[in-house]
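Text of the file protein-v3.csv, holding CSV, C-alpha atoms and all ligand atoms:
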chain,number,residue,atom,x,y,z
A,153,MET,CA,8.4,-3.0,7.2
A,154,SER,CA,9.5,-6.1,9.1
A,155,ALA,CA,10.6,-9.3,7.3
A,156,LEU,CA,7.6,-11.1,8.7
A,157,THR,CA,5.1,-8.8,7.1
A,158,PRO,CA,4.5,-10.8,3.9
A,159,LEU,CA,3.7,-13.9,5.9
A,160,ARG,CA,1.5,-12.0,8.3
A,161,ARG,CA,-0.3,-10.5,5.3
A,162,LEU,CA,-0.7,-13.9,3.8
A,163,LEU,CA,-2.2,-15.3,7.0
A,164,ALA,CA,-4.4,-12.3,7.5
A,165,GLY,CA,-5.7,-12.5,4.0
A,166,SER,CA,-5.9,-16.2,3.7
A,167,ALA,CA,-9.6,-16.5,3.7
A,168,VAL,CA,-9.9,-13.9,1.0
A,169,ALA,CA,-7.0,-15.3,-1.0
A,170,THR,CA,-8.6,-18.7,-1.1
A,171,VAL,CA,-11.7,-17.3,-2.7
A,172,ALA,CA,-10.1,-14.6,-4.9
A,173,ALA,CA,-7.0,-16.4,-6.0
A,174,GLY,CA,-8.3,-19.9,-5.9
A,175,ALA,CA,-5.4,-21.4,-4.2
A,176,LEU,CA,-2.7,-21.1,-1.6
A,177,LEU,CA,0.5,-23.0,-1.5
A,178,VAL,CA,0.0,-23.5,2.2
A,179,GLY,CA,-3.0,-23.8,4.5
A,180,PRO,CA,-4.1,-20.9,6.7
A,181,ALA,CA,-1.9,-22.1,9.6
A,182,GLY,CA,1.1,-22.7,7.3
A,183,THR,CA,0.3,-26.4,7.1
A,184,ALA,CA,0.2,-28.4,3.9
A,185,PRO,CA,-3.3,-28.4,2.3
A,186,ALA,CA,-5.6,-31.3,3.2
A,187,VAL,CA,-5.8,-34.0,0.6
A,188,SER,CA,-9.5,-33.2,0.3
A,189,GLU,CA,-8.9,-29.6,-0.8
A,190,ASP,CA,-10.9,-28.6,-3.9
A,191,THR,CA,-8.5,-29.7,-6.6
A,192,SER,CA,-10.4,-27.9,-9.3
A,193,ARG,CA,-9.8,-24.6,-7.6
A,194,ALA,CA,-6.2,-25.4,-6.8
A,195,ALA,CA,-5.6,-26.4,-10.5
A,196,SER,CA,-7.0,-23.1,-11.7
A,197,ALA,CA,-4.5,-21.0,-9.9
A,198,GLU,CA,-1.5,-20.1,-12.1
A,199,THR,CA,1.8,-19.1,-10.7
A,200,TYR,CA,4.0,-16.7,-12.7
A,201,SER,CA,7.7,-16.7,-12.0
A,202,ALA,CA,10.5,-14.8,-13.8
A,203,SER,CA,13.3,-12.4,-13.1
A,204,LEU,CA,12.3,-8.8,-12.6
A,205,ARG,CA,13.9,-7.7,-15.9
A,206,THR,CA,12.1,-10.5,-17.8
A,207,ALA,CA,8.8,-9.8,-16.0
A,208,VAL,CA,8.7,-6.1,-16.9
A,209,ARG,CA,9.3,-7.0,-20.6
A,210,ASP,CA,6.6,-9.7,-20.4
A,211,LEU,CA,3.8,-7.2,-19.5
A,212,PRO,CA,1.4,-6.9,-22.5
A,213,VAL,CA,1.4,-3.4,-24.1
A,214,ALA,CA,-1.9,-1.8,-24.9
A,215,THR,CA,-3.4,1.6,-25.4
A,216,GLU,CA,-5.1,2.8,-22.2
A,217,VAL,CA,-8.6,4.1,-22.1
A,218,ARG,CA,-10.0,6.2,-19.2
A,219,THR,CA,-13.5,6.5,-20.8
A,220,GLY,CA,-16.3,5.5,-18.3
A,221,TYR,CA,-14.1,5.4,-15.2
A,222,SER,CA,-15.5,6.2,-11.8
A,223,ARG,CA,-13.9,5.3,-8.5
A,224,ASP,CA,-17.4,4.1,-7.5
A,225,LEU,CA,-17.1,1.2,-9.9
A,226,PHE,CA,-14.5,-0.3,-7.6
A,227,ARG,CA,-16.3,-1.1,-4.3
A,228,HIS,CA,-13.5,-0.9,-1.8
A,229,TRP,CA,-12.9,-1.4,1.9
A,230,VAL,CA,-15.2,-4.3,2.2
A,231,ASP,CA,-15.1,-6.8,5.1
A,232,ALA,CA,-14.9,-10.0,3.1
A,233,ASP,CA,-14.4,-12.3,6.1
A,234,GLY,CA,-17.0,-10.6,8.3
A,235,ASP,CA,-14.6,-10.2,11.2
A,236,GLY,CA,-15.6,-6.5,11.6
A,237,CYS,CA,-12.4,-5.1,10.1
A,238,ASP,CA,-12.6,-3.9,6.5
A,239,ALA,CA,-9.8,-4.4,4.0
A,240,ARG,CA,-8.1,-1.1,4.8
A,241,ARG,CA,-7.9,-2.0,8.5
A,242,GLU,CA,-6.8,-5.5,7.8
A,243,VAL,CA,-3.8,-4.1,6.0
A,244,LEU,CA,-3.1,-1.6,8.7
A,245,ILE,CA,-3.2,-4.4,11.3
A,246,ALA,CA,-1.1,-6.7,9.2
A,247,GLU,CA,1.6,-4.1,8.3
A,248,ALA,CA,1.9,-2.5,11.7
A,249,GLU,CA,5.4,-2.6,13.1
A,250,GLU,CA,3.8,-2.1,16.6
A,251,ARG,CA,0.4,-3.6,16.7
A,252,PRO,CA,-2.4,-1.2,17.4
A,253,THR,CA,-5.1,-1.9,19.9
A,254,VAL,CA,-8.2,-3.1,18.0
A,255,GLY,CA,-11.4,-1.9,19.6
A,256,SER,CA,-15.1,-2.2,18.9
A,257,GLY,CA,-16.0,-1.5,15.3
A,258,CYS,CA,-12.3,-2.3,14.5
A,259,SER,CA,-11.2,1.1,15.8
A,260,LEU,CA,-7.4,1.2,15.9
A,261,THR,CA,-5.6,2.9,18.7
A,262,GLY,CA,-1.8,3.4,18.9
A,263,GLY,CA,0.5,1.3,16.8
A,264,ARG,CA,3.4,2.2,14.5
A,265,TRP,CA,3.7,2.1,10.7
A,266,PHE,CA,6.7,2.6,8.4
A,267,SER,CA,5.9,4.2,5.1
A,268,TYR,CA,8.5,2.9,2.6
A,269,TYR,CA,7.6,5.4,-0.1
A,270,ASP,CA,9.1,8.2,2.0
A,271,GLY,CA,10.9,6.4,4.8
A,272,VAL,CA,9.0,7.8,7.7
A,273,SER,CA,7.1,6.3,10.7
A,274,ARG,CA,3.6,7.2,11.8
A,275,TYR,CA,2.0,6.5,15.1
A,276,SER,CA,-1.7,6.8,14.3
A,277,ALA,CA,-3.7,4.8,11.8
A,278,SER,CA,-5.3,8.0,10.6
A,279,ASP,CA,-1.9,9.2,9.4
A,280,ILE,CA,-1.6,6.2,7.1
A,281,SER,CA,-3.4,5.7,3.8
A,282,VAL,CA,-3.8,2.3,2.3
A,283,ASP,CA,-2.6,2.7,-1.2
A,284,HIS,CA,-3.7,0.6,-4.2
A,285,MET,CA,-0.3,-0.3,-5.6
A,286,VAL,CA,-1.8,-0.2,-9.1
A,287,PRO,CA,-4.2,2.8,-8.7
A,288,LEU,CA,-7.9,2.1,-9.4
A,289,ALA,CA,-8.0,4.4,-12.4
A,290,GLU,CA,-4.8,2.9,-13.8
A,291,ALA,CA,-6.3,-0.6,-13.4
A,292,TRP,CA,-9.4,0.6,-15.3
A,293,ASP,CA,-7.3,2.0,-18.1
A,294,SER,CA,-5.2,-1.1,-18.4
A,295,GLY,CA,-7.9,-3.8,-18.4
A,296,ALA,CA,-10.4,-3.5,-15.5
A,297,ARG,CA,-12.9,-1.6,-17.6
A,298,SER,CA,-13.9,-5.0,-19.1
A,299,TRP,CA,-14.2,-6.8,-15.7
A,300,ASP,CA,-17.5,-7.4,-13.9
A,301,SER,CA,-18.1,-5.6,-10.6
A,302,SER,CA,-17.2,-8.5,-8.4
A,303,THR,CA,-13.8,-8.8,-10.0
A,304,ARG,CA,-13.2,-5.1,-9.6
A,305,GLN,CA,-14.2,-5.4,-5.9
A,306,ALA,CA,-11.8,-8.3,-5.5
A,307,PHE,CA,-9.0,-6.2,-7.0
A,308,ALA,CA,-9.8,-3.2,-4.8
A,309,ASN,CA,-9.8,-5.3,-1.6
A,310,ASP,CA,-7.0,-7.7,-2.5
A,311,LEU,CA,-5.6,-9.2,0.7
A,312,GLY,CA,-4.3,-12.3,-1.2
A,313,ASP,CA,-1.0,-10.7,-2.1
A,314,TYR,CA,0.8,-8.4,0.3
A,315,ARG,CA,1.9,-6.2,-2.6
A,316,SER,CA,-1.5,-5.2,-3.8
A,317,LEU,CA,-2.3,-2.8,-0.9
A,318,VAL,CA,0.4,-0.9,1.0
A,319,GLY,CA,0.2,1.4,4.0
A,320,VAL,CA,2.0,4.7,3.3
A,321,THR,CA,1.8,8.3,4.5
A,322,VAL,CA,-1.2,10.3,3.4
A,323,SER,CA,1.1,12.8,1.7
A,324,SER,CA,2.9,10.2,-0.4
A,325,ASN,CA,-0.3,8.5,-1.4
A,326,SER,CA,-1.7,11.9,-2.6
A,327,SER,CA,1.4,12.7,-4.4
A,328,LYS,CA,1.2,9.4,-6.3
A,329,SER,CA,-2.5,9.8,-7.0
A,330,ASP,CA,-3.5,7.8,-10.1
A,331,SER,CA,0.0,7.8,-11.6
A,332,ASP,CA,1.8,4.9,-13.0
A,333,PRO,CA,5.6,4.6,-12.8
A,334,ALA,CA,6.1,6.7,-15.9
A,335,ASP,CA,4.8,9.7,-14.0
A,336,TRP,CA,5.6,8.9,-10.4
A,337,GLN,CA,7.9,6.7,-8.4
A,338,PRO,CA,8.6,7.0,-4.6
A,339,GLY,CA,11.5,9.1,-3.4
A,340,ARG,CA,13.2,6.0,-2.1
A,341,GLU,CA,13.1,2.2,-2.6
A,342,GLN,CA,12.2,2.6,-6.3
A,343,CYS,CA,13.4,-1.0,-7.0
A,344,ARG,CA,11.0,-2.4,-4.4
A,345,TYR,CA,8.3,-0.2,-5.8
A,346,VAL,CA,8.8,-1.4,-9.4
A,347,PHE,CA,9.0,-5.0,-8.3
A,348,GLU,CA,5.7,-4.8,-6.3
A,349,TYR,CA,3.9,-2.8,-9.0
A,350,THR,CA,4.9,-5.3,-11.7
A,351,ALA,CA,3.8,-8.2,-9.5
A,352,VAL,CA,0.3,-6.6,-9.1
A,353,LYS,CA,0.0,-5.9,-12.9
A,354,ILE,CA,0.9,-9.6,-13.5
A,355,ARG,CA,-1.4,-10.9,-10.8
A,356,TRP,CA,-4.4,-9.2,-12.4
A,357,ARG,CA,-3.3,-9.6,-16.0
A,358,LEU,CA,-3.3,-5.9,-16.6
A,359,SER,CA,-1.5,-4.3,-19.5
A,360,VAL,CA,1.0,-1.3,-19.6
A,361,ASP,CA,1.1,1.6,-21.9
A,362,SER,CA,4.4,2.2,-23.8
A,363,ALA,CA,5.7,5.0,-21.6
A,364,GLU,CA,5.0,2.9,-18.5
A,365,ARG,CA,6.7,0.0,-20.1
A,366,SER,CA,9.8,2.1,-20.8
A,367,ALA,CA,9.9,3.5,-17.3
A,368,LEU,CA,9.6,0.0,-15.8
A,369,ILE,CA,12.3,-1.4,-18.0
A,370,SER,CA,14.6,1.5,-17.3
A,371,ARG,CA,14.2,1.1,-13.6
A,372,ALA,CA,14.3,-2.7,-13.5
A,373,ASP,CA,17.6,-2.7,-15.4
A,374,SER,CA,19.2,-0.7,-12.6
A,375,CYS,CA,17.9,-3.0,-9.9
A,376,SER,CA,19.0,-6.4,-8.6
A,377,ASP,CA,17.4,-8.9,-10.9
A,378,ARG,CA,15.6,-11.0,-8.3
A,379,THR,CA,12.9,-13.5,-9.0
A,380,LEU,CA,9.4,-12.2,-9.1
A,381,THR,CA,6.8,-14.9,-8.2
A,382,VAL,CA,3.1,-14.2,-8.2
A,383,THR,CA,-0.1,-16.1,-8.1
A,384,ARG,CA,-2.6,-15.0,-10.7
A,385,ALA,CA,-5.9,-13.7,-9.3
A,386,ARG,CA,-7.7,-14.1,-12.6
B,401,CA,CA,-12.3,-8.4,7.7
B,402,CA,CA,-0.4,3.2,-17.5
Any chance you could give the structure as structure tokens?
Amino acid sequence: MSALTPLRRLLAGSAVATVAAGALLVGPAGTAPAVSEDTSRAASAETYSASLRTAVRDLPVATEVRTGYSRDLFRHWVDADGDGCDARREVLIAEAEERPTVGSGCSLTGGRWFSYYDGVSRYSASDISVDHMVPLAEAWDSGARSWDSSTRQAFANDLGDYRSLVGVTVSSNSSKSDSDPADWQPGREQCRYVFEYTAVKIRWRLSVDSAERSALISRADSCSDRTLTVTRAR
């Protein structure tokens, strides 16, 4: 993934982020927000910042409950900004290392993507899955079961933080399935994975189970202790 990707993701998702997260530090074009910006919304956005090792220890611990879960309870791949491209395609376009041609109905032709879970490139959008960093079922277990449907939809289509949705190979996405980091971590870049996973849990105020907490701490303690900053979505 190129170094520009987070900025490109931020810009691509800016309209959604303004609605879902309530605030951005910069305007859609990277400019300072206008003075007239809705200050009540801006004031409601809370930013969390801590070192990775502190952040994993800050995650609230709770018993997880799968009862009642259905993937259908998270409406996903919506086109929130109405530009014809659903959230999945927005991510594919934003993360492409070589931009695909975008045709009618947001069909994607060509392009190149790098899947950091397994370190391989793919040259067709159909070979890339857009993974929910925190799987939908894991989110349900760890807090989303008490959310309303619009919050679950915002989570499942979150373009407001580049870490929430990630384009990876179909095979690595299916090997991950609904697992949390106690049961699955990618074959490479485990530090990046734990950093991004923790950021998404914090962004959505999700809890962890005790095995998950242990796995996150164990991994984080072997990683560079860089600062994790995240804007809360709720
Ligand atoms: Ca769209
Ligand atoms: Ca878990």
Any chance you could tabulate, as CSV, the residues of chain A at most 8 Å from ligand CA 401 (chain B) with each one's nearest atom pair and distance in Å to one decimal, using only C-alpha atoms and all ligand atoms, in chain and rising number order?
residue,atom,partner,partner_atom,distance
A:Val230,CA,B:CA401,CA,7.4
A:Asp231,CA,B:CA401,CA,4.1
A:Ala232,CA,B:CA401,CA,5.5
A:Asp233,CA,B:CA401,CA,4.7
A:Gly234,CA,B:CA401,CA,5.2
A:Asp235,CA,B:CA401,CA,4.6
A:Gly236,CA,B:CA401,CA,5.5
A:Cys237,CA,B:CA401,CA,4.1
A:Asp238,CA,B:CA401,CA,4.7
A:Ala239,CA,B:CA401,CA,6.0
A:Arg241,CA,B:CA401,CA,7.8
A:Glu242,CA,B:CA401,CA,6.2
Take the residues that were just selected and, keeping C-alpha atoms, output them as a short mmCIF file (atom, residue, chain, number, x, y, z; two decimals), keeping the file's coordinate frame.
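Resulting contents of selection.cif:
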data_model
loop_
_atom_site.label_atom_id
_atom_site.label_comp_id
_atom_site.auth_asym_id
_atom_site.auth_seq_id
_atom_site.Cartn_x
_atom_site.Cartn_y
_atom_site.Cartn_z
CA VAL A 230 -15.20 -4.30 2.20
CA ASP A 231 -15.10 -6.80 5.10
CA ALA A 232 -14.90 -10.00 3.10
CA ASP A 233 -14.40 -12.30 6.10
CA GLY A 234 -17.00 -10.60 8.30
CA ASP A 235 -14.60 -10.20 11.20
CA GLY A 236 -15.60 -6.50 11.60
CA CYS A 237 -12.40 -5.10 10.10
CA ASP A 238 -12.60 -3.90 6.50
CA ALA A 239 -9.80 -4.40 4.00
CA ARG A 241 -7.90 -2.00 8.50
CA GLU A 242 -6.80 -5.50 7.80
#
### Message
Around ligand CA 402 (chain B), out to 12 Å and counting all atoms listed in the file, which residues are there? I want them as a PyMOL selection string.
### Response
chain A and resi 211-218+286-295+330-336+349-350+353+358-368
### Task
Can you pull out every residue within 10 Å of Phe307 of chain A, counting all atoms listed in the file, but drop anything in the same chain fewer than 6 positions away, and send it as a count of residues only?
17
### Query
Contacts of segment 275-280 of chain A at 7 Å or less, counting all atoms listed in the file, minus same-chain residues fewer than 2 places along, as number ranges by chain?
A: 260, 262-265, 273, 282, 319-322
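Taking atom CA of Asp270 of chain A and atom CA of Gly339 of chain A as the two end points, the separation is 6.0 Å.
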#### Entry: Distance in Å - atom CA of Ser376 of chain A versus atom CA of Ile354 of chain A
19.0 Å
### Task
Could you jot down the atom CA of Arg274 of chain A to atom CA of Glu250 of chain A separation for me, Å, one decimal place?
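Atom CA of Glu250 of chain A lies at a distance of 10.5 Å from atom CA of Arg274 of chain A.
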Would you give the centre and edge lengths, in Å to one decimal, of a box along x, y and z around the listed atoms of segment 317-324 of chain A, with 4 Å added to each side, as JSON?
{"center_x": 0.3, "center_y": 5.0, "center_z": 1.8, "size_x": 13.2, "size_y": 23.6, "size_z": 13.4}
### Message
My list of candidates is A:Ser370, A:Thr379, A:Ser298, A:Gln342. Which is closest to Arg357 of chain A when distances are computed with all atoms listed in the file?
### Response
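Closest to Arg357 of chain A of all the choices is A:Ser298.
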### Query
Counting only C-alpha atoms, what is within 8 Å of Ser201 of chain A, bar same-chain residues fewer than 6 positions away, as a ChimeraX atom specification?
/A:379-382
### Selected residue of minimal separation from Tyr345 of chain A among A:Met285, A:Ser222, A:Asp300, A:Ile369, counting all atoms listed in the file
A:Met285
